[in-house]
Amino acid sequence: MAAQHTQRWRGELRYDESMARHTSWRAGGPARRFYKPADLADLCVFLQDLDPDEPLLWVGLGSNLLVRDGGFRGTVIYTFGALTALDWLDDKTLRVEAGVSCARVARETTRRGLTGVEFLAGIPGTMGGALAMNAGAFGGETWEVVKAVETLEGQGRRHLRLPDEYEVGYRSVKGPAGEWFVAAELELKPGDAEESLAKIKRLLAQRGASQPTSLPNAGSVFRNPVGDHAARLIEACGLKGACVGGACVSDKHANFIINTGNASAADIESLIKRVALTVEREQGVALEREVRIVGEAKV
Ligand SMILES: Cc1cc2nc3c(=O)[nH]c(=O)nc-3n(C[C@H](O)[C@H](O)[C@H](O)COP(=O)(O)OP(=O)(O)OC[C@H]3O[C@@H](n4cnc5c(N)ncnc54)[C@H](O)[C@@H]3O)c2cc1C
């Protein structure tokens with residue numbers, strides 16, 4: 001931290017926090033510093049007091065993230081359970097902060113008889129992660145309902161931005177550099193609460209049937225190439241069940257890598273590389289990674 005005589009922030013700062021505790025793969029190394037803000041105003045103060053050169057890693061529920069075993073040499077900003085406000089601005093516009101779970105957003109909107117984000121019910125991340133990834137499922141995508149976003153710069157300056165300031169694609173969002181999402185305004189359409197609830201149940205059942213839900217994973221590892229499915233290509237190479245250490249390609253869904261118990265981040269990353277190389281060699285397709293990998297290898 002920059003020299004300060006009195007500590008102005010009110011959140012929780014931890015040192016050498018294991019990121020295996022905060023990522024759905026349940027693997028990986030520690031964050032040198034890990035900050036869980038008290039609220040959004042507190043996060044602005046914390047960032048204002050932080051050394052401007054400090055590397056930052058924003059984390060929601062860590063459901064699309066692998067932190068290498070040597071850890072992250074910087075400060076993790078942990079939003080889940082910290083940036084939690086959810087307010088209705090009018091009868092169809094919801095302001096939701098980045099640390100609110102996607103499941104809660106689906107629940108609250110359905111309860112109001114609004115439609116458009118039922119797909120979020122099955123995405124085990126936060127709104128911040130969903131905005132960063134343009135998370136989507138079953139034909140729906142996060143940015144289809146975004147009316148505006150609030151962002152923060154590294155030094156705690158806030159901005160209100162409109163969707164046309166972003167280049168949004170399939171699991172990809174590019175916008176002003178050096179800013180992170182702290183909230184979004186979502187515009188929903190009038191619907192029918194019972195129909196939305198039935199849709200959510202159907203989508204969750206489809207997930208249960210097709211995805212490995214009982215072992216730690218990070219969802220789809222690779223983006224689907226245009227006109228094809230990464231899972232089909234991986235399966236065609238006979239890679240279902242292939243393992244490196246404790247990391248294995250799921251037998252249930254070939255685009256999922258599961259931690260069978262004691263996988264290191266290095267095991268998972270090696271398996272990801274092996275899958276990508278094999279698919280390129282045997283199927284002629286260069287798969288692009290969807291999951292984010294950060295931090296240092298263990299030496
Ligand atoms: C079982 C399972 C099923 C899944 N199914 C789907 C699915 O159907 N569709 C889908 O799209 N994804 C799916 N995922 C992947 C994942 O849930 C989504 O990508 C989700 O949006 C990630 O949210 P998160 O809060 O966990 O983000 P994290 O994993 O914490 O972070 C992901 C990335 O976003 C960045 N980030 C996080 N918060 C912010 C912020 N506030 N501002 C800026 N950047 C930020 C992080 O730095 C990181 O680069 C699945 C994952 C699992 C484990």
# chains A, B, ... in the order shown; residues from 1 in each chain; ligands from 1
>>> closest_atom_pairs(of="chain A", to="ligand 1", cutoff="6 Å", atoms="only C-alpha atoms and all ligand atoms", output="tab-separated table")
residue	atom	partner	partner_atom_place_in_ligand_line	distance
A:Ser24	CA	ligand 1	53 (C)	5.9
A:Leu57	CA	ligand 1	47 (O)	5.3
A:Trp58	CA	ligand 1	47 (O)	4.3
A:Val59	CA	ligand 1	30 (O)	3.7
A:Gly60	CA	ligand 1	25 (O)	3.5
A:Leu61	CA	ligand 1	26 (O)	3.6
A:Gly62	CA	ligand 1	29 (O)	3.2
A:Ser63	CA	ligand 1	26 (O)	3.6
A:Asn64	CA	ligand 1	29 (O)	3.7
A:Leu65	CA	ligand 1	29 (O)	4.4
A:Ala98	CA	ligand 1	41 (N)	5.1
A:Ile123	CA	ligand 1	17 (O)	4.8
A:Pro124	CA	ligand 1	17 (O)	4.6
A:Gly125	CA	ligand 1	23 (O)	3.5
A:Thr126	CA	ligand 1	25 (O)	3.6
A:Gly128	CA	ligand 1	41 (N)	3.6
A:Gly129	CA	ligand 1	23 (O)	3.5
A:Ala130	CA	ligand 1	21 (O)	3.5
A:Ala132	CA	ligand 1	44 (N)	4.8
A:Met133	CA	ligand 1	19 (O)	5.5
A:Ala135	CA	ligand 1	11 (O)	3.2
A:Gly136	CA	ligand 1	11 (O)	4.1
A:Ala137	CA	ligand 1	8 (O)	4.5
A:Trp180	CA	ligand 1	42 (N)	3.8
A:Phe181	CA	ligand 1	42 (N)	3.8
A:Val182	CA	ligand 1	41 (N)	5.4
A:Asn217	CA	ligand 1	53 (C)	5.2
A:Ala218	CA	ligand 1	53 (C)	3.7
A:Gly219	CA	ligand 1	52 (C)	3.5
A:Arg292	CA	ligand 1	49 (O)	5.4
>>> select_by_dssp(residues="range 43-181 of chain A", states="alpha helix (DSSP H)", output="ChimeraX atom specification")
/A:43-49,102-111,127-133
>>> write_last_selection(atoms="N, CA and C atoms", output="CSV table (one decimal), in the first residue's frame")
chain,number,residue,atom,x,y,z
A,43,LEU,N,-14.5,-0.1,-1.7
A,43,LEU,CA,-13.5,-0.6,-2.7
A,43,LEU,C,-12.8,0.6,-3.4
A,44,CYS,N,-13.6,1.7,-3.7
A,44,CYS,CA,-13.0,2.9,-4.3
A,44,CYS,C,-11.9,3.4,-3.4
A,45,VAL,N,-12.1,3.5,-2.1
A,45,VAL,CA,-11.1,4.0,-1.2
A,45,VAL,C,-9.9,3.1,-1.2
A,46,PHE,N,-10.1,1.8,-1.1
A,46,PHE,CA,-9.0,0.9,-1.1
A,46,PHE,C,-8.1,1.0,-2.3
A,47,LEU,N,-8.8,1.2,-3.5
A,47,LEU,CA,-8.0,1.3,-4.8
A,47,LEU,C,-7.3,2.6,-4.8
A,48,GLN,N,-7.9,3.7,-4.3
A,48,GLN,CA,-7.2,5.0,-4.3
A,48,GLN,C,-5.9,4.9,-3.4
A,49,ASP,N,-5.9,4.1,-2.4
A,49,ASP,CA,-4.8,4.0,-1.5
A,49,ASP,C,-3.7,2.9,-2.0
A,102,CYS,N,-25.2,-15.1,-10.4
A,102,CYS,CA,-26.1,-15.1,-11.6
A,102,CYS,C,-27.4,-15.8,-11.2
A,103,ALA,N,-27.4,-16.8,-10.3
A,103,ALA,CA,-28.6,-17.6,-9.9
A,103,ALA,C,-29.5,-16.6,-9.2
A,104,ARG,N,-29.0,-15.7,-8.4
A,104,ARG,CA,-29.9,-14.8,-7.7
A,104,ARG,C,-30.6,-13.8,-8.7
A,105,VAL,N,-29.8,-13.4,-9.7
A,105,VAL,CA,-30.4,-12.5,-10.7
A,105,VAL,C,-31.6,-13.2,-11.4
A,106,ALA,N,-31.4,-14.5,-11.8
A,106,ALA,CA,-32.4,-15.2,-12.4
A,106,ALA,C,-33.6,-15.4,-11.5
A,107,ARG,N,-33.4,-15.6,-10.2
A,107,ARG,CA,-34.5,-15.9,-9.3
A,107,ARG,C,-35.3,-14.6,-9.1
A,108,GLU,N,-34.6,-13.5,-8.9
A,108,GLU,CA,-35.3,-12.2,-8.6
A,108,GLU,C,-36.1,-11.7,-9.7
A,109,THR,N,-35.6,-11.9,-11.0
A,109,THR,CA,-36.3,-11.4,-12.1
A,109,THR,C,-37.5,-12.3,-12.4
A,110,THR,N,-37.3,-13.6,-12.2
A,110,THR,CA,-38.5,-14.5,-12.4
A,110,THR,C,-39.6,-14.3,-11.5
A,111,ARG,N,-39.2,-14.0,-10.2
A,111,ARG,CA,-40.2,-13.7,-9.2
A,111,ARG,C,-41.1,-12.5,-9.6
A,127,MET,N,-22.3,-11.7,-11.4
A,127,MET,CA,-22.7,-10.8,-12.5
A,127,MET,C,-21.4,-10.2,-13.1
A,128,GLY,N,-20.4,-9.9,-12.3
A,128,GLY,CA,-19.1,-9.4,-12.8
A,128,GLY,C,-18.5,-10.3,-13.8
A,129,GLY,N,-18.4,-11.6,-13.4
A,129,GLY,CA,-17.8,-12.6,-14.3
A,129,GLY,C,-18.6,-12.8,-15.5
A,130,ALA,N,-20.0,-12.7,-15.4
A,130,ALA,CA,-20.9,-12.9,-16.5
A,130,ALA,C,-20.7,-11.7,-17.5
A,131,LEU,N,-20.4,-10.5,-17.0
A,131,LEU,CA,-20.2,-9.3,-17.9
A,131,LEU,C,-18.9,-9.5,-18.6
A,132,ALA,N,-17.8,-9.9,-17.8
A,132,ALA,CA,-16.5,-10.0,-18.4
A,132,ALA,C,-16.4,-11.1,-19.5
A,133,MET,N,-17.2,-12.2,-19.3
A,133,MET,CA,-17.1,-13.3,-20.2
A,133,MET,C,-18.2,-13.3,-21.3
>>> closest_residue(among="A:Phe222, A:Asp90, A:Ala266, A:Glu12", to="Glu296 in chain A", atoms="only C-alpha atoms")
A:Ala266
>>> atom_distance(atom1="CA of Pro225 in chain A", atom2="CA of Val173 in chain A")
17.0 Å
>>> residues_around(residues="Pro216 in chain A", least_positions_apart="5", cutoff="12 Å", atoms="only C-alpha atoms", output="NGL selection string")
:A and (20-27 or 62-64 or 66 or 124 or 211 or 246-250 or 256-263 or 268)
>>> residues_around(residues="Gly99 in chain A", least_positions_apart="6", cutoff="6 Å", atoms="only C-alpha atoms", output="list of chain:residue names")
A:Thr79, A:Phe80, A:Gly81, A:Leu83, A:Thr84, A:Thr126
>>> write_last_selection(atoms="C-alpha atoms", output="PDB file, in the first residue's frame")
ATOM      1  CA  THR A  79     -16.437  -9.319  -5.282  1.00  0.00           C
ATOM      2  CA  PHE A  80     -18.640 -12.268  -4.303  1.00  0.00           C
ATOM      3  CA  GLY A  81     -20.516 -11.488  -1.109  1.00  0.00           C
ATOM      4  CA  LEU A  83     -20.580  -6.008  -3.992  1.00  0.00           C
ATOM      5  CA  THR A  84     -24.056  -7.336  -3.296  1.00  0.00           C
ATOM      6  CA  THR A 126     -21.252 -13.670 -10.435  1.00  0.00           C
TER       7      THR A 126
END
>>> closest_residue(among="A:Val96, A:Ile272, A:Ala85, A:Leu287", to="Asp228 in chain A", atoms="only C-alpha atoms")
A:Leu287
>>> select_by_dssp(residues="range 16-249 of chain A", states="strand (DSSP E or B)", output="ChimeraX atom specification")
/A:16-18,30-36,56-59,65-67,71-78,86-90,93-97,101,114-115,126,136-137,140-141,146-153,158-161,167-169,172-174,179-187,189-190,222,243-244,247-249
>>> residues_around(residues="Arg158 in chain A", least_positions_apart="2", cutoff="10 Å", atoms="only C-alpha atoms", output="list in words")
Cys44, Glu150, Thr151, Leu152, Glu153, Gly154, Gln155, Gly156, Leu160, Arg161, Glu179, Trp180, Phe181 and Val182 of chain A
>>> atom_distance(atom1="CA of Glu144 in chain A", atom2="CA of Asn224 in chain A")
19.4 Å
>>> atom_distance(atom1="CA of Ala231 in chain A", atom2="CA of Ala254 in chain A")
4.7 Å
>>> residues_around(residues="Ala265 in chain A", least_positions_apart="5", cutoff="8 Å", atoms="only C-alpha atoms", output="PyMOL selection string")
chain A and resi 27-29+66-69
